[in-house]
Amino acid sequence: MGVEILDEVFAVIEDRKKNPKRESYVAGLLKKGDDAIFAKIEEESNELVEAGKGSDEKEIVHEAADLIFHVMVLLAAKGIKLDDIMAEFKQRRK
């Protein structure tokens, strides 16, 4: 599996921003605003650090996915495209 899944997930996040659904976790988080999103990113990054201190690869993968997901929510909230992040990586690689 390639990075295409990131594009798929990000498209869903953007859709929830444009077309919020009451039962949607993403729509609810976006509605709560930046501070709620920042809190989730902080929580998930702390959980990833804790998982990284251990040796459970499955837990590290799980927490990394949670963190990446919540960072993508922040990007969508700020109107930043995932392609902008990819372009930044590409520029840094030179």
# chains A, B, ... in the order shown; residues from 1 in each chain; ligands from 1
>>> residues_around(residues="Glu14 in chain A", least_positions_apart="2", cutoff="12 Å", atoms="only C-alpha atoms", output="mmCIF file with C-alpha atoms, in the first residue's frame")
data_model
loop_
_atom_site.group_PDB
_atom_site.id
_atom_site.type_symbol
_atom_site.label_atom_id
_atom_site.label_comp_id
_atom_site.auth_asym_id
_atom_site.auth_seq_id
_atom_site.Cartn_x
_atom_site.Cartn_y
_atom_site.Cartn_z
ATOM 1 C CA ASP A 7 -5.064 11.248 0.109
ATOM 2 C CA GLU A 8 -8.214 9.178 0.660
ATOM 3 C CA VAL A 9 -8.341 9.905 4.387
ATOM 4 C CA PHE A 10 -7.603 13.588 3.809
ATOM 5 C CA ALA A 11 -10.424 13.785 1.251
ATOM 6 C CA VAL A 12 -12.831 12.407 3.857
ATOM 7 C CA ARG A 16 -16.507 16.449 6.787
ATOM 8 C CA LYS A 17 -15.342 20.065 6.974
ATOM 9 C CA LYS A 18 -17.473 21.082 3.979
ATOM 10 C CA ASN A 19 -20.409 18.760 4.725
ATOM 11 C CA PRO A 20 -20.473 18.172 8.470
ATOM 12 C CA VAL A 26 -14.029 14.846 12.472
ATOM 13 C CA ALA A 27 -16.926 17.276 12.053
ATOM 14 C CA LEU A 30 -13.562 20.760 13.733
ATOM 15 C CA MET A 72 -4.352 16.082 8.864
ATOM 16 C CA VAL A 73 -7.435 17.391 10.694
ATOM 17 C CA LEU A 74 -5.424 20.476 11.658
ATOM 18 C CA LEU A 75 -4.249 20.949 8.072
ATOM 19 C CA ALA A 76 -7.806 20.756 6.785
ATOM 20 C CA ALA A 77 -8.991 23.170 9.474
ATOM 21 C CA LYS A 78 -6.369 25.673 8.325
ATOM 22 C CA GLY A 79 -7.093 25.155 4.631
ATOM 23 C CA ILE A 80 -3.697 23.593 3.978
ATOM 24 C CA LYS A 81 -3.589 20.868 1.359
ATOM 25 C CA LEU A 82 -1.747 17.610 1.881
#
>>> residues_around(residues="Glu63 in chain A", least_positions_apart="4", cutoff="12 Å", atoms="only C-alpha atoms", output="NGL selection string")
:A and (40-52 or 56-59 or 67-70)
>>> select_by_dssp(residues="chain A", states="helix (DSSP H, G or I)", output="ChimeraX atom specification")
/A:4-18,25-32,34-53,57-77,82-93
>>> atom_distance(atom1="CA of Lys21 in chain A", atom2="CA of Val71 in chain A")
20.3 Å
>>> atom_distance(atom1="CA of Lys90 in chain A", atom2="CA of Leu6 in chain A")
16.4 Å
>>> atom_distance(atom1="CA of Ala36 in chain A", atom2="CA of Asp84 in chain A")
23.2 Å
>>> closest_residue(among="A:Gly33, A:Ile5, A:Phe38, A:Phe89", to="Ala65 in chain A", atoms="only C-alpha atoms")
A:Ile5
